[in-house]
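What follows is the content of final-v4.txt (compact mmCIF, C-alpha atoms and all ligand atoms).
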```txt
# COMPACT_ATOMS: atom_id res chain seq x y z
CA MET I 25 -12.21 3.09 -18.21
CA VAL I 26 -12.39 3.38 -14.43
CA SER I 27 -11.97 6.90 -13.11
CA ARG I 28 -9.25 7.90 -10.62
CA LYS I 29 -11.94 9.33 -8.36
CA ILE I 30 -13.73 6.03 -7.81
CA PRO I 31 -12.57 5.37 -4.21
CA VAL I 32 -14.78 8.17 -2.89
CA ILE I 33 -17.87 6.28 -3.95
CA LEU I 34 -16.31 2.84 -3.65
CA ARG I 35 -18.67 1.37 -1.09
CA SER I 36 -21.92 2.67 -2.48
CA CYS I 37 -21.54 2.46 -6.26
CA LEU I 38 -18.96 -0.08 -7.41
CA ILE I 39 -20.03 -3.53 -8.42
CA ARG I 40 -17.55 -6.33 -7.61
CA SER I 41 -16.05 -6.64 -11.11
CA GLU I 42 -15.40 -2.89 -11.37
CA PHE I 43 -13.73 -2.96 -7.94
CA ARG I 44 -11.44 -5.77 -9.11
CA VAL I 45 -10.47 -3.76 -12.23
CA PHE I 46 -9.89 -0.67 -10.09
CA MET I 47 -7.69 -2.52 -7.58
CA SER I 48 -5.71 -4.33 -10.29
CA GLU I 49 -4.12 -1.03 -11.34
CA PRO I 50 -1.27 0.32 -9.18
CA LYS I 51 -2.58 2.76 -6.59
CA TYR I 52 -0.49 5.81 -5.84
CA ILE I 53 -0.92 6.86 -2.22
CA LEU I 54 0.59 9.83 -0.43
CA GLY I 55 1.29 9.10 3.25
CA ILE I 56 1.59 11.87 5.84
CA GLU I 57 2.96 11.38 9.36
CA SER I 58 3.00 14.16 11.95
CA SER I 59 2.20 12.50 15.29
CA CYS I 60 5.24 13.71 17.21
CA ASP I 61 8.42 15.52 16.16
CA ASP I 62 9.03 14.14 12.66
CA THR I 63 7.31 15.67 9.65
CA ALA I 64 7.19 12.91 7.05
CA ALA I 65 5.66 12.24 3.63
CA ALA I 66 5.94 9.18 1.40
CA VAL I 67 4.55 8.09 -1.95
CA ILE I 68 3.83 4.44 -2.68
CA ALA I 69 2.54 2.41 -5.60
CA ASN I 70 0.56 -0.26 -3.73
CA ASP I 71 3.11 -1.64 -1.24
CA LYS I 72 6.19 -0.37 -3.13
CA ILE I 73 7.89 2.77 -1.83
CA LEU I 74 8.60 5.40 -4.48
CA ALA I 75 9.78 8.08 -2.02
CA SER I 76 10.00 8.48 1.75
CA VAL I 77 11.04 11.84 3.19
CA VAL I 78 11.46 12.54 6.92
CA ALA I 79 12.27 16.00 8.30
CA THR I 80 13.38 15.64 11.91
CA GLN I 81 12.73 18.65 14.15
CA ASP I 82 16.14 19.37 15.70
CA ILE I 83 14.73 22.22 17.81
CA HIS I 84 13.66 19.81 20.59
CA SER I 85 17.22 18.63 21.42
CA HIS I 86 17.79 22.14 22.79
CA TRP I 87 15.02 21.59 25.38
CA GLY I 88 15.81 17.98 26.32
CA GLY I 89 12.46 16.64 25.08
CA VAL I 90 9.62 17.33 22.64
CA VAL I 91 7.89 20.69 23.24
CA PRO I 92 4.36 20.17 21.81
CA GLU I 93 3.76 23.79 20.75
CA LEU I 94 7.13 23.98 18.97
CA ALA I 95 6.41 20.65 17.30
CA SER I 96 3.11 21.84 15.78
CA ARG I 97 4.70 25.06 14.56
CA ALA I 98 7.57 23.15 12.98
CA HIS I 99 5.07 20.78 11.28
CA GLN I 100 3.30 23.81 9.80
CA GLN I 101 6.57 25.09 8.37
CA LYS I 102 7.76 21.75 7.04
CA ILE I 103 4.67 19.96 5.76
CA VAL I 104 4.43 21.65 2.35
CA PRO I 105 8.15 21.31 1.43
CA VAL I 106 8.23 17.72 2.71
CA VAL I 107 5.16 16.68 0.65
CA HIS I 108 6.59 18.49 -2.36
CA ALA I 109 9.94 16.69 -1.94
CA ALA I 110 8.23 13.28 -1.68
CA LEU I 111 6.11 13.84 -4.81
CA SER I 112 9.04 15.08 -6.87
CA GLU I 113 11.34 12.27 -5.69
CA ALA I 114 8.61 9.76 -6.63
CA LYS I 115 8.13 11.55 -9.98
CA ILE I 116 4.39 11.54 -9.34
CA LYS I 117 2.11 14.53 -10.02
CA LYS I 118 -0.49 15.20 -7.35
CA GLU I 119 -3.23 14.61 -9.94
CA GLN I 120 -2.02 11.00 -10.28
CA LEU I 121 -2.66 10.21 -6.60
CA HIS I 122 -5.51 7.85 -5.71
CA ALA I 123 -5.63 8.58 -1.97
CA VAL I 124 -3.94 10.41 0.90
CA ALA I 125 -3.29 8.44 4.11
CA TYR I 126 -2.57 10.33 7.32
CA THR I 127 -1.95 9.61 11.00
CA ARG I 128 -5.16 10.05 12.95
CA GLY I 129 -3.55 9.17 16.32
CA PRO I 130 -2.21 8.46 18.85
CA GLY I 131 0.23 11.34 19.30
CA LEU I 132 0.44 15.01 20.19
CA LEU I 133 -2.87 16.72 19.45
CA GLY I 134 -1.44 19.88 17.85
CA SER I 135 0.99 17.89 15.70
CA LEU I 136 -1.72 15.47 14.55
CA LEU I 137 -4.04 18.38 13.68
CA VAL I 138 -1.47 19.91 11.32
CA GLY I 139 -0.92 16.68 9.35
CA GLY I 140 -4.58 15.68 9.46
CA ALA I 141 -5.90 19.07 8.32
CA PHE I 142 -3.34 19.24 5.53
CA ALA I 143 -4.08 15.67 4.36
CA ARG I 144 -7.85 16.14 4.35
CA GLY I 145 -7.64 19.48 2.59
CA PHE I 146 -5.22 18.12 -0.02
CA ALA I 147 -7.37 15.04 -0.65
CA SER I 148 -10.55 17.07 -0.82
CA ALA I 149 -9.06 19.48 -3.38
CA LEU I 150 -8.05 16.48 -5.52
CA GLY I 151 -11.38 14.69 -5.03
CA ILE I 152 -9.74 11.55 -3.62
CA PRO I 153 -10.18 9.76 -0.26
CA ALA I 154 -8.35 10.82 2.90
CA ILE I 155 -7.64 7.59 4.78
CA ALA I 156 -7.22 7.86 8.55
CA VAL I 157 -4.47 5.59 9.89
CA ASN I 158 -3.67 4.38 13.42
CA HIS I 159 0.03 5.12 14.11
CA MET I 160 0.55 2.00 16.26
CA GLN I 161 -1.01 -0.29 13.65
CA ALA I 162 1.18 1.39 11.03
CA HIS I 163 4.39 0.64 12.95
CA ILE I 164 3.41 -3.05 12.79
CA LEU I 165 2.20 -2.97 9.18
CA ALA I 166 5.55 -1.47 8.11
CA HIS I 167 6.53 -5.16 7.84
CA PHE I 168 4.31 -5.32 4.73
CA ILE I 169 6.24 -2.68 2.77
CA SER I 170 7.55 -4.65 -0.18
CA GLY I 171 11.28 -5.33 -0.11
CA GLU I 172 13.84 -8.06 0.02
CA ARG I 173 12.80 -9.33 3.44
CA PRO I 174 9.84 -11.72 3.77
CA ALA I 175 6.79 -10.42 5.64
CA PRO I 176 5.48 -12.30 8.69
CA VAL I 177 2.55 -14.68 8.21
CA PHE I 178 -0.58 -14.32 10.37
CA PRO I 179 -0.88 -14.86 13.24
CA PHE I 180 2.36 -13.34 14.52
CA LEU I 181 3.46 -11.52 17.64
CA CYS I 182 4.86 -8.00 17.43
CA LEU I 183 6.79 -6.09 20.06
CA THR I 184 6.17 -2.41 19.32
CA VAL I 185 8.72 -0.28 21.11
CA SER I 186 8.76 3.48 20.61
CA GLY I 187 9.15 6.73 22.49
CA GLY I 188 5.52 6.63 23.66
CA HIS I 189 4.56 2.93 23.63
CA THR I 190 5.75 -0.54 24.58
CA GLN I 191 3.25 -3.16 23.48
CA ILE I 192 3.12 -6.90 22.87
CA VAL I 193 0.54 -7.39 20.13
CA ARG I 194 -0.97 -10.55 18.69
CA VAL I 195 -1.59 -9.79 15.02
CA ASN I 196 -4.32 -12.14 13.78
CA SER I 197 -4.79 -10.41 10.44
CA THR I 198 -4.05 -7.00 8.92
CA PHE I 199 -6.46 -5.06 11.10
CA ASP I 200 -7.23 -7.61 13.81
CA MET I 201 -4.69 -6.88 16.53
CA VAL I 202 -4.97 -7.90 20.18
CA LEU I 203 -3.00 -6.14 22.91
CA LEU I 204 -1.45 -8.78 25.20
CA GLY I 205 0.66 -6.48 27.34
CA GLU I 206 1.99 -2.94 27.55
CA THR I 207 3.99 -0.67 29.78
CA THR I 208 2.40 0.44 33.02
CA ASP I 209 4.54 3.60 33.15
CA ASP I 210 7.42 4.72 30.88
CA ALA I 211 7.87 3.39 27.36
CA ALA I 212 11.14 1.65 26.45
CA GLY I 213 12.22 4.58 24.23
CA GLU I 214 11.34 7.00 27.01
CA ALA I 215 13.57 5.00 29.40
CA PHE I 216 16.44 5.20 26.90
CA ASP I 217 15.90 8.96 26.43
CA LYS I 218 15.53 9.79 30.14
CA ILE I 219 18.63 7.80 31.12
CA ALA I 220 20.54 9.41 28.23
CA LYS I 221 19.58 12.80 29.67
CA MET I 222 20.98 11.75 33.09
CA LEU I 223 24.23 10.93 31.28
CA GLY I 224 24.30 14.42 29.76
CA LEU I 225 23.46 13.23 26.24
CA PRO I 226 21.20 15.31 23.93
CA TYR I 227 17.57 14.38 23.17
CA PRO I 228 16.64 11.89 21.78
CA GLY I 229 19.42 9.84 23.35
CA GLY I 230 18.33 6.26 22.54
CA HIS I 231 20.49 5.91 19.46
CA LEU I 232 23.44 7.56 21.27
CA ILE I 233 23.27 4.99 24.09
CA ASP I 234 23.24 2.31 21.37
CA LYS I 235 26.32 3.84 19.71
CA LEU I 236 28.31 4.36 22.92
CA ALA I 237 27.38 0.88 24.21
CA ARG I 238 29.29 -0.74 21.35
CA ASN I 239 32.59 -0.16 23.19
CA GLY I 240 31.25 -0.99 26.64
CA ALA I 241 31.03 -4.01 28.93
CA ALA I 242 27.33 -4.92 29.31
CA GLU I 243 27.90 -7.06 32.42
CA ARG I 244 29.82 -4.33 34.33
CA PHE I 245 26.83 -2.78 36.17
CA GLY I 246 23.90 -5.04 37.05
CA PHE I 247 20.74 -2.93 37.03
CA PRO I 248 17.60 -4.57 38.47
CA GLU I 249 14.92 -6.32 36.43
CA PRO I 250 11.38 -5.38 37.58
CA ARG I 251 8.80 -7.98 38.55
CA VAL I 252 5.58 -7.10 36.75
CA PRO I 253 2.72 -9.60 36.46
CA GLY I 254 1.51 -10.98 33.10
CA PHE I 255 2.90 -9.54 29.90
CA ASP I 256 3.03 -5.91 31.05
CA TYR I 257 6.21 -3.91 31.40
CA SER I 258 7.56 -1.25 33.75
CA PHE I 259 10.62 0.94 33.22
CA SER I 260 10.25 3.59 35.91
CA GLY I 261 11.99 1.44 38.56
CA LEU I 262 15.01 0.95 36.31
CA LYS I 263 15.12 4.70 35.65
CA THR I 264 15.11 5.47 39.39
CA SER I 265 17.73 2.83 40.10
CA VAL I 266 20.08 4.24 37.41
CA MET I 267 19.48 7.77 38.77
CA ASN I 268 20.37 6.72 42.36
CA PHE I 269 23.37 4.74 41.15
CA LEU I 270 24.74 7.71 39.19
CA ARG I 271 24.10 10.12 42.06
CA ASN I 272 26.03 7.94 44.54
CA ALA I 273 28.85 7.17 42.12
CA THR I 274 29.41 10.82 41.11
CA ARG I 275 29.37 11.89 44.76
CA GLU I 276 32.42 9.69 45.34
CA GLN I 277 34.01 10.25 41.94
CA PRO I 278 32.90 13.44 40.14
CA GLY I 279 34.09 12.27 36.70
CA PHE I 280 32.45 8.84 37.07
CA ILE I 281 29.99 9.24 34.19
CA GLU I 282 32.57 10.50 31.67
CA ASP I 283 35.11 7.84 32.73
CA ASN I 284 32.61 4.96 32.48
CA MET I 285 30.23 6.17 29.77
CA ALA I 286 30.51 3.15 27.45
CA ASP I 287 30.08 0.59 30.26
CA ILE I 288 27.08 2.47 31.73
CA CYS I 289 25.42 2.67 28.30
CA ALA I 290 26.07 -1.02 27.56
CA SER I 291 24.75 -2.10 30.98
CA VAL I 292 21.60 0.05 30.73
CA GLN I 293 20.92 -1.14 27.18
CA GLU I 294 21.47 -4.77 28.18
CA ARG I 295 18.89 -4.50 30.96
CA ILE I 296 16.26 -2.72 28.83
CA VAL I 297 16.66 -5.33 26.08
CA SER I 298 16.60 -8.27 28.50
CA ILE I 299 13.37 -6.93 30.07
CA LEU I 300 11.81 -6.53 26.62
CA LEU I 301 12.80 -9.92 25.23
CA ARG I 302 12.08 -12.05 28.31
CA LYS I 303 8.40 -10.99 28.39
CA PHE I 304 8.08 -11.11 24.61
CA LYS I 305 9.34 -14.70 24.50
CA ALA I 306 7.08 -15.69 27.42
CA ALA I 307 4.07 -14.21 25.58
CA ALA I 308 5.03 -16.04 22.38
CA ASP I 309 5.28 -19.36 24.21
CA ALA I 310 1.97 -18.77 26.01
CA GLN I 311 0.29 -17.98 22.70
CA GLN I 312 2.12 -20.82 20.93
CA ILE I 313 3.27 -18.40 18.25
CA THR I 314 6.72 -18.80 16.73
CA GLN I 315 6.67 -15.79 14.35
CA LEU I 316 8.13 -12.80 16.15
CA ALA I 317 8.40 -9.25 14.80
CA ILE I 318 9.62 -5.98 16.30
CA SER I 319 8.66 -2.45 15.28
CA GLY I 320 8.89 1.20 16.40
CA GLY I 321 11.88 3.47 17.01
CA VAL I 322 13.60 1.22 19.57
CA SER I 323 13.58 -1.65 17.06
CA ALA I 324 16.51 0.25 15.47
CA ASN I 325 18.54 -0.71 18.57
CA SER I 326 21.42 -3.00 17.62
CA ARG I 327 21.31 -5.06 20.83
CA LEU I 328 17.56 -5.65 20.53
CA ARG I 329 17.97 -6.66 16.86
CA ALA I 330 20.80 -9.06 17.77
CA GLY I 331 18.79 -10.46 20.69
CA LEU I 332 15.80 -11.16 18.46
CA GLU I 333 18.00 -12.66 15.76
CA ALA I 334 19.48 -15.02 18.36
CA LEU I 335 15.95 -16.40 18.93
CA ALA I 336 16.01 -17.73 15.36
CA ALA I 337 18.45 -20.39 16.59
CA GLU I 338 15.77 -21.50 19.08
CA GLY I 339 13.26 -22.21 16.31
CA TYR I 340 11.44 -18.85 16.09
CA SER I 341 11.04 -16.99 12.78
CA VAL I 342 12.07 -13.39 13.35
CA PHE I 343 11.15 -10.24 11.43
CA ILE I 344 13.13 -7.04 11.83
CA PRO I 345 12.23 -3.93 9.82
CA PRO I 346 14.87 -2.02 7.81
CA PHE I 347 16.25 0.92 9.83
CA GLU I 348 14.39 3.57 7.83
CA TYR I 349 11.01 2.04 8.76
CA CYS I 350 11.72 1.64 12.51
CA THR I 351 11.53 5.27 13.63
CA ASP I 352 8.58 7.44 12.60
CA ASN I 353 8.11 7.62 8.83
CA ALA I 354 5.28 8.12 6.36
CA ALA I 355 5.96 4.97 4.31
CA MET I 356 4.31 2.93 7.06
CA ILE I 357 1.31 5.29 7.01
CA ALA I 358 1.00 5.03 3.23
CA VAL I 359 1.22 1.22 3.18
CA THR I 360 -1.40 1.01 5.95
CA GLY I 361 -3.60 3.29 3.83
CA TRP I 362 -3.13 0.97 0.89
CA LEU I 363 -3.97 -2.14 2.92
CA SER I 364 -6.99 -0.32 4.32
CA LEU I 365 -8.23 0.51 0.82
CA LYS I 366 -7.46 -2.97 -0.53
CA GLU I 367 -9.18 -4.82 2.31
CA GLY I 368 -12.20 -2.50 2.48
CA HIS I 369 -11.23 -1.51 6.03
CA TRP I 370 -11.34 2.22 5.36
CA LYS I 371 -14.48 4.10 6.39
CA HIS I 372 -15.17 7.56 5.03
CA SER I 373 -16.51 8.76 8.39
CA GLU I 374 -13.37 8.05 10.46
CA THR I 375 -11.60 11.35 10.22
CA ALA I 376 -11.41 13.12 13.58
CA ILE I 377 -7.91 13.36 15.03
CA SER I 378 -7.55 11.46 18.31
CA ALA I 379 -4.49 11.90 20.55
CA ARG I 380 -5.36 8.83 22.61
CA LEU I 381 -6.38 6.39 19.88
CA GLY I 382 -6.23 2.79 21.17
CA LEU I 383 -4.61 -0.06 19.23
CA GLN I 384 -7.94 -1.56 18.15
CA ASP I 385 -9.53 1.79 17.24
CA LEU I 386 -9.87 2.17 13.45
O1 LIG I 401 8.77 5.27 16.83
P1 LIG I 401 9.52 6.51 17.14
O2 LIG I 401 10.33 7.15 16.06
O3 LIG I 401 8.57 7.64 17.69
C1 LIG I 401 7.47 7.37 18.49
O4 LIG I 401 6.42 6.96 17.95
O5 LIG I 401 7.65 7.51 19.73
O6 LIG I 401 10.47 6.16 18.39
C2 LIG I 401 11.34 7.09 18.92
C3 LIG I 401 12.10 6.43 20.07
C4 LIG I 401 12.92 7.43 20.87
O7 LIG I 401 12.69 7.20 22.24
C5 LIG I 401 14.35 7.09 20.48
O8 LIG I 401 15.31 7.39 21.46
C6 LIG I 401 14.24 5.61 20.25
O9 LIG I 401 13.01 5.45 19.57
N1 LIG I 401 15.35 5.07 19.44
C7 LIG I 401 16.27 4.20 19.92
C8 LIG I 401 17.17 3.95 18.86
N2 LIG I 401 16.77 4.67 17.77
C9 LIG I 401 15.64 5.35 18.15
N3 LIG I 401 16.41 3.64 21.14
C10 LIG I 401 17.45 2.81 21.32
N4 LIG I 401 18.35 2.52 20.35
C11 LIG I 401 18.25 3.06 19.12
N5 LIG I 401 19.14 2.76 18.17
ZN ZN I 402 6.07 6.01 16.30
```
Take the structure in this file and express it as structure tokens.
Ligand code: KG4
Ligand code: ZN
Amino acid sequence: MVSRKIPVILRSCLIRSEFRVFMSEPKYILGIESSCDDTAAAVIANDKILASVVATQDIHSHWGGVVPELASRAHQQKIVPVVHAALSEAKIKKEQLHAVAYTRGPGLLGSLLVGGAFARGFASALGIPAIAVNHMQAHILAHFISGERPAPVFPFLCLTVSGGHTQIVRVNSTFDMVLLGETTDDAAGEAFDKIAKMLGLPYPGGHLIDKLARNGAAERFGFPEPRVPGFDYSFSGLKTSVMNFLRNATREQPGFIEDNMADICASVQERIVSILLRKFKAAADAQQITQLAISGGVSANSRLRAGLEALAAEGYSVFIPPFEYCTDNAAMIAVTGWLSLKEGHWKHSETAISARLGLQDL
């Protein structure tokens, strides 16, 4: 009989056959995500989700953006009930867990510290490993959560678009990821949120632009496309151009925004998506990769999803995550923890929280 506590001593003590027996049993892993303004916990059995709970911190909409100190305080209040809810929804007792996976970075330092300290304390009390996970890798590895959709095959290209990052990543294998391009200023989600704020929409406004754009004419206002070398992106020019356009238009017609909301949203969304997809496709062709995936909060955007799907007609295989695994969630952290354990990637020493963790770190 192989003990539940074996992972702690995995590297030093297990002989190959024992490791195979250990890994052949389903592993229950608790995932904890607290990098920004969502407190999330999930329980998985290998790559199968048993429960995924996300508590969004509404307090930030009042301030028009995430307030770091308020975010860490809200994580402190929510982490215990959220973990409790995930365990009870999964019908798993904490003593049945084999490991706890948590976000080590990148993200807001105070927020990461709350989740990381809780996860390490919880794991230590249970005598099981605490597996540090890279949030950006986890967004990509969310494609390996078991479900009805097929997972991409290595190597594939992933466009990770969130509130803090915009990256084109070549994924050679589970933990071998190469950054081909990224934003030089604002992230795509940040552009959505900042423009939404100019339109008087509450934070985070990305999904509201998406919703309002459905009744708008995307070709009505032609916002400029930046010229950035290589596979990098830039969104600050677009932001400034929308700001100047709105300022001039409202000077002449004070109700301009309200009267043209749907068309403005559709035109802004069209430009952000066209910027994203043009570079992504160019990178894919340069790398001679035809498997294309998207991930991160902005991958919930309906226009981006439709744009990627349209590439399937051009001979690309496209992979789009289910909505619940696009924005921040702990299921992606748990599945990354499981892959880390399974592939022997996890190192006991990698524990310190890091707000600026790079894609290849961990
Ligand atoms: O991945 P995520 O939940 O958090 C970060 O790691 O940043 O991404 C959040 C971002 C926000 O900027 C939010 O406005 C954006 O994703 N977002 C969307 C949509 N849903 C979320 N942007 C455009 N359209 C959407 N439907
Ligand atoms: Zn994220």
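In this comparison, which uses all atoms listed in the file, the residue of I:Asn284, I:Ser76, I:Gln293, I:Ser319 approaching Lys263 of chain I most closely is I:Gln293.
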Any residue with an atom at most 8 Å from ligand ZN 402 (chain I) counts, using only C-alpha atoms and all ligand atoms. Which are they? Put them as a PyMOL selection string. chain I and resi 59-60+159-160+163+186-188+320-321+351-353
Could you tell me, counting only C-alpha atoms and all ligand atoms, which protein and nucleic acid residues lie no more than 10 Å from ligand LIG 401 (chain I), written as a ChimeraX atom specification? /I:58-62,80,89,130-131,159-160,163,184-190,211-218,220,227-235,237,293,296-297,319-329,347-353
How about saving the chosen residues, C-alpha atoms kept, as a PDB file, in the coordinates of the input?
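Wrote part.pdb, looks like this:
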```pdb
ATOM      1  CA  SER I  58       3.000  14.160  11.950  1.00  0.00           C
ATOM      2  CA  SER I  59       2.200  12.500  15.290  1.00  0.00           C
ATOM      3  CA  CYS I  60       5.240  13.710  17.210  1.00  0.00           C
ATOM      4  CA  ASP I  61       8.420  15.520  16.160  1.00  0.00           C
ATOM      5  CA  ASP I  62       9.030  14.140  12.660  1.00  0.00           C
ATOM      6  CA  THR I  80      13.380  15.640  11.910  1.00  0.00           C
ATOM      7  CA  GLY I  89      12.460  16.640  25.080  1.00  0.00           C
ATOM      8  CA  PRO I 130      -2.210   8.460  18.850  1.00  0.00           C
ATOM      9  CA  GLY I 131       0.230  11.340  19.300  1.00  0.00           C
ATOM     10  CA  HIS I 159       0.030   5.120  14.110  1.00  0.00           C
ATOM     11  CA  MET I 160       0.550   2.000  16.260  1.00  0.00           C
ATOM     12  CA  HIS I 163       4.390   0.640  12.950  1.00  0.00           C
ATOM     13  CA  THR I 184       6.170  -2.410  19.320  1.00  0.00           C
ATOM     14  CA  VAL I 185       8.720  -0.280  21.110  1.00  0.00           C
ATOM     15  CA  SER I 186       8.760   3.480  20.610  1.00  0.00           C
ATOM     16  CA  GLY I 187       9.150   6.730  22.490  1.00  0.00           C
ATOM     17  CA  GLY I 188       5.520   6.630  23.660  1.00  0.00           C
ATOM     18  CA  HIS I 189       4.560   2.930  23.630  1.00  0.00           C
ATOM     19  CA  THR I 190       5.750  -0.540  24.580  1.00  0.00           C
ATOM     20  CA  ALA I 211       7.870   3.390  27.360  1.00  0.00           C
ATOM     21  CA  ALA I 212      11.140   1.650  26.450  1.00  0.00           C
ATOM     22  CA  GLY I 213      12.220   4.580  24.230  1.00  0.00           C
ATOM     23  CA  GLU I 214      11.340   7.000  27.010  1.00  0.00           C
ATOM     24  CA  ALA I 215      13.570   5.000  29.400  1.00  0.00           C
ATOM     25  CA  PHE I 216      16.440   5.200  26.900  1.00  0.00           C
ATOM     26  CA  ASP I 217      15.900   8.960  26.430  1.00  0.00           C
ATOM     27  CA  LYS I 218      15.530   9.790  30.140  1.00  0.00           C
ATOM     28  CA  ALA I 220      20.540   9.410  28.230  1.00  0.00           C
ATOM     29  CA  TYR I 227      17.570  14.380  23.170  1.00  0.00           C
ATOM     30  CA  PRO I 228      16.640  11.890  21.780  1.00  0.00           C
ATOM     31  CA  GLY I 229      19.420   9.840  23.350  1.00  0.00           C
ATOM     32  CA  GLY I 230      18.330   6.260  22.540  1.00  0.00           C
ATOM     33  CA  HIS I 231      20.490   5.910  19.460  1.00  0.00           C
ATOM     34  CA  LEU I 232      23.440   7.560  21.270  1.00  0.00           C
ATOM     35  CA  ILE I 233      23.270   4.990  24.090  1.00  0.00           C
ATOM     36  CA  ASP I 234      23.240   2.310  21.370  1.00  0.00           C
ATOM     37  CA  LYS I 235      26.320   3.840  19.710  1.00  0.00           C
ATOM     38  CA  ALA I 237      27.380   0.880  24.210  1.00  0.00           C
ATOM     39  CA  GLN I 293      20.920  -1.140  27.180  1.00  0.00           C
ATOM     40  CA  ILE I 296      16.260  -2.720  28.830  1.00  0.00           C
ATOM     41  CA  VAL I 297      16.660  -5.330  26.080  1.00  0.00           C
ATOM     42  CA  SER I 319       8.660  -2.450  15.280  1.00  0.00           C
ATOM     43  CA  GLY I 320       8.890   1.200  16.400  1.00  0.00           C
ATOM     44  CA  GLY I 321      11.880   3.470  17.010  1.00  0.00           C
ATOM     45  CA  VAL I 322      13.600   1.220  19.570  1.00  0.00           C
ATOM     46  CA  SER I 323      13.580  -1.650  17.060  1.00  0.00           C
ATOM     47  CA  ALA I 324      16.510   0.250  15.470  1.00  0.00           C
ATOM     48  CA  ASN I 325      18.540  -0.710  18.570  1.00  0.00           C
ATOM     49  CA  SER I 326      21.420  -3.000  17.620  1.00  0.00           C
ATOM     50  CA  ARG I 327      21.310  -5.060  20.830  1.00  0.00           C
ATOM     51  CA  LEU I 328      17.560  -5.650  20.530  1.00  0.00           C
ATOM     52  CA  ARG I 329      17.970  -6.660  16.860  1.00  0.00           C
ATOM     53  CA  PHE I 347      16.250   0.920   9.830  1.00  0.00           C
ATOM     54  CA  GLU I 348      14.390   3.570   7.830  1.00  0.00           C
ATOM     55  CA  TYR I 349      11.010   2.040   8.760  1.00  0.00           C
ATOM     56  CA  CYS I 350      11.720   1.640  12.510  1.00  0.00           C
ATOM     57  CA  THR I 351      11.530   5.270  13.630  1.00  0.00           C
ATOM     58  CA  ASP I 352       8.580   7.440  12.600  1.00  0.00           C
ATOM     59  CA  ASN I 353       8.110   7.620   8.830  1.00  0.00           C
TER      60      ASN I 353
END
```
Have a look at atom CA of Asp256 of chain I and atom CA of Met356 of chain I and let me know their distance in Å, one decimal. 25.6 Å
Between segment 94-184 of chain I and segment 360-365 of chain I, at 6 Å or less, what are the per-residue closest atom pairs and their distances in Å? Count all atoms listed in the file, order by chain and rising residue number, and return it as JSON lines.
```
{"residue": "I:Ala125", "atom": "CA", "partner": "I:Gly361", "partner_atom": "CA", "distance": 5.2}
{"residue": "I:Ile155", "atom": "CA", "partner": "I:Gly361", "partner_atom": "CA", "distance": 6.0}
{"residue": "I:Ala162", "atom": "CA", "partner": "I:Thr360", "partner_atom": "CA", "distance": 5.7}
```
Kindly provide, as AutoDock Vina command-line options, the centre and edge lengths (Å, one decimal) of an axis-aligned box around all atoms of segment 292-308 of chain I given in the file, with 8 Å on each side.
```
--center_x 12.8 --center_y -8.0 --center_z 26.7 --size_x 33.5 --size_y 32.1 --size_z 24.6
```
Set the distance at 8 Å and use only C-alpha atoms: which residues neighbour Gln191 of chain I once local chain neighbours fewer than 3 positions away are removed? I'd like the list as a list of chain:residue names.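 My list of contacting residues is I:Cys182, I:Leu183, I:Thr184, I:Val185, I:Leu203, I:Leu204, I:Gly205, I:Glu206, I:Thr207.
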Per-residue nearest contacts segment 302-356 of chain I to segment 168-174 of chain I, cut-off 10 Å, using only C-alpha atoms, as a Markdown table:
```
| residue | atom | partner | partner_atom | distance |
| --- | --- | --- | --- | --- |
| I:Val342 | CA | I:Pro174 | CA | 10.0 |
| I:Phe343 | CA | I:Pro174 | CA | 7.9 |
| I:Ile344 | CA | I:Arg173 | CA | 8.7 |
| I:Pro345 | CA | I:Arg173 | CA | 8.4 |
| I:Pro346 | CA | I:Arg173 | CA | 8.8 |
| I:Tyr349 | CA | I:Ile169 | CA | 9.0 |
| I:Ala355 | CA | I:Ile169 | CA | 7.8 |
| I:Met356 | CA | I:Ile169 | CA | 7.3 |
```
Need to verify the contact set: Ala354 of chain I, 8 Å, only C-alpha atoms, exclusion of same-chain residues closer than 4 positions in sequence. Can you return it as number ranges by chain? I: 55-57, 64-66, 76-78, 358
Name all residues at most 6 Å from Ala290 of chain I (count only C-alpha atoms; drop same-chain ones fewer than 2 positions away) and give them as a PyMOL selection string. chain I and resi 237+240-242+287-288+292-294
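Using only C-alpha atoms, the shortest contact distance between Lys51 of chain I and any of I:Ala69, I:Ala156, I:Leu111, I:Leu137 is found at I:Ala69.
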For Phe142 of chain I, find every residue with an atom within 9 Å (counting all atoms listed in the file), except residues of its own chain fewer than 3 positions away, and show them as a PDB file with C-alpha atoms, keeping the file's coordinate frame.
```pdb
ATOM      1  CA  ILE I  56       1.590  11.870   5.840  1.00  0.00           C
ATOM      2  CA  ILE I 103       4.670  19.960   5.760  1.00  0.00           C
ATOM      3  CA  VAL I 104       4.430  21.650   2.350  1.00  0.00           C
ATOM      4  CA  LEU I 137      -4.040  18.380  13.680  1.00  0.00           C
ATOM      5  CA  VAL I 138      -1.470  19.910  11.320  1.00  0.00           C
ATOM      6  CA  GLY I 139      -0.920  16.680   9.350  1.00  0.00           C
ATOM      7  CA  GLY I 145      -7.640  19.480   2.590  1.00  0.00           C
ATOM      8  CA  PHE I 146      -5.220  18.120  -0.020  1.00  0.00           C
ATOM      9  CA  ALA I 147      -7.370  15.040  -0.650  1.00  0.00           C
TER      10      ALA I 147
END
```
Which of these, I:Ile219, I:Leu181, I:Ile192, I:Val124, has the shortest distance to Thr314 of chain I once you count all atoms listed in the file? I:Leu181
I'd like the contact shell of Glu249 of chain I - 10 Å cut-off, all atoms listed in the file, skipping same-chain residues fewer than 3 positions apart - returned as a ChimeraX atom specification. /I:246,252,258-259,261-262,295-296,298-299
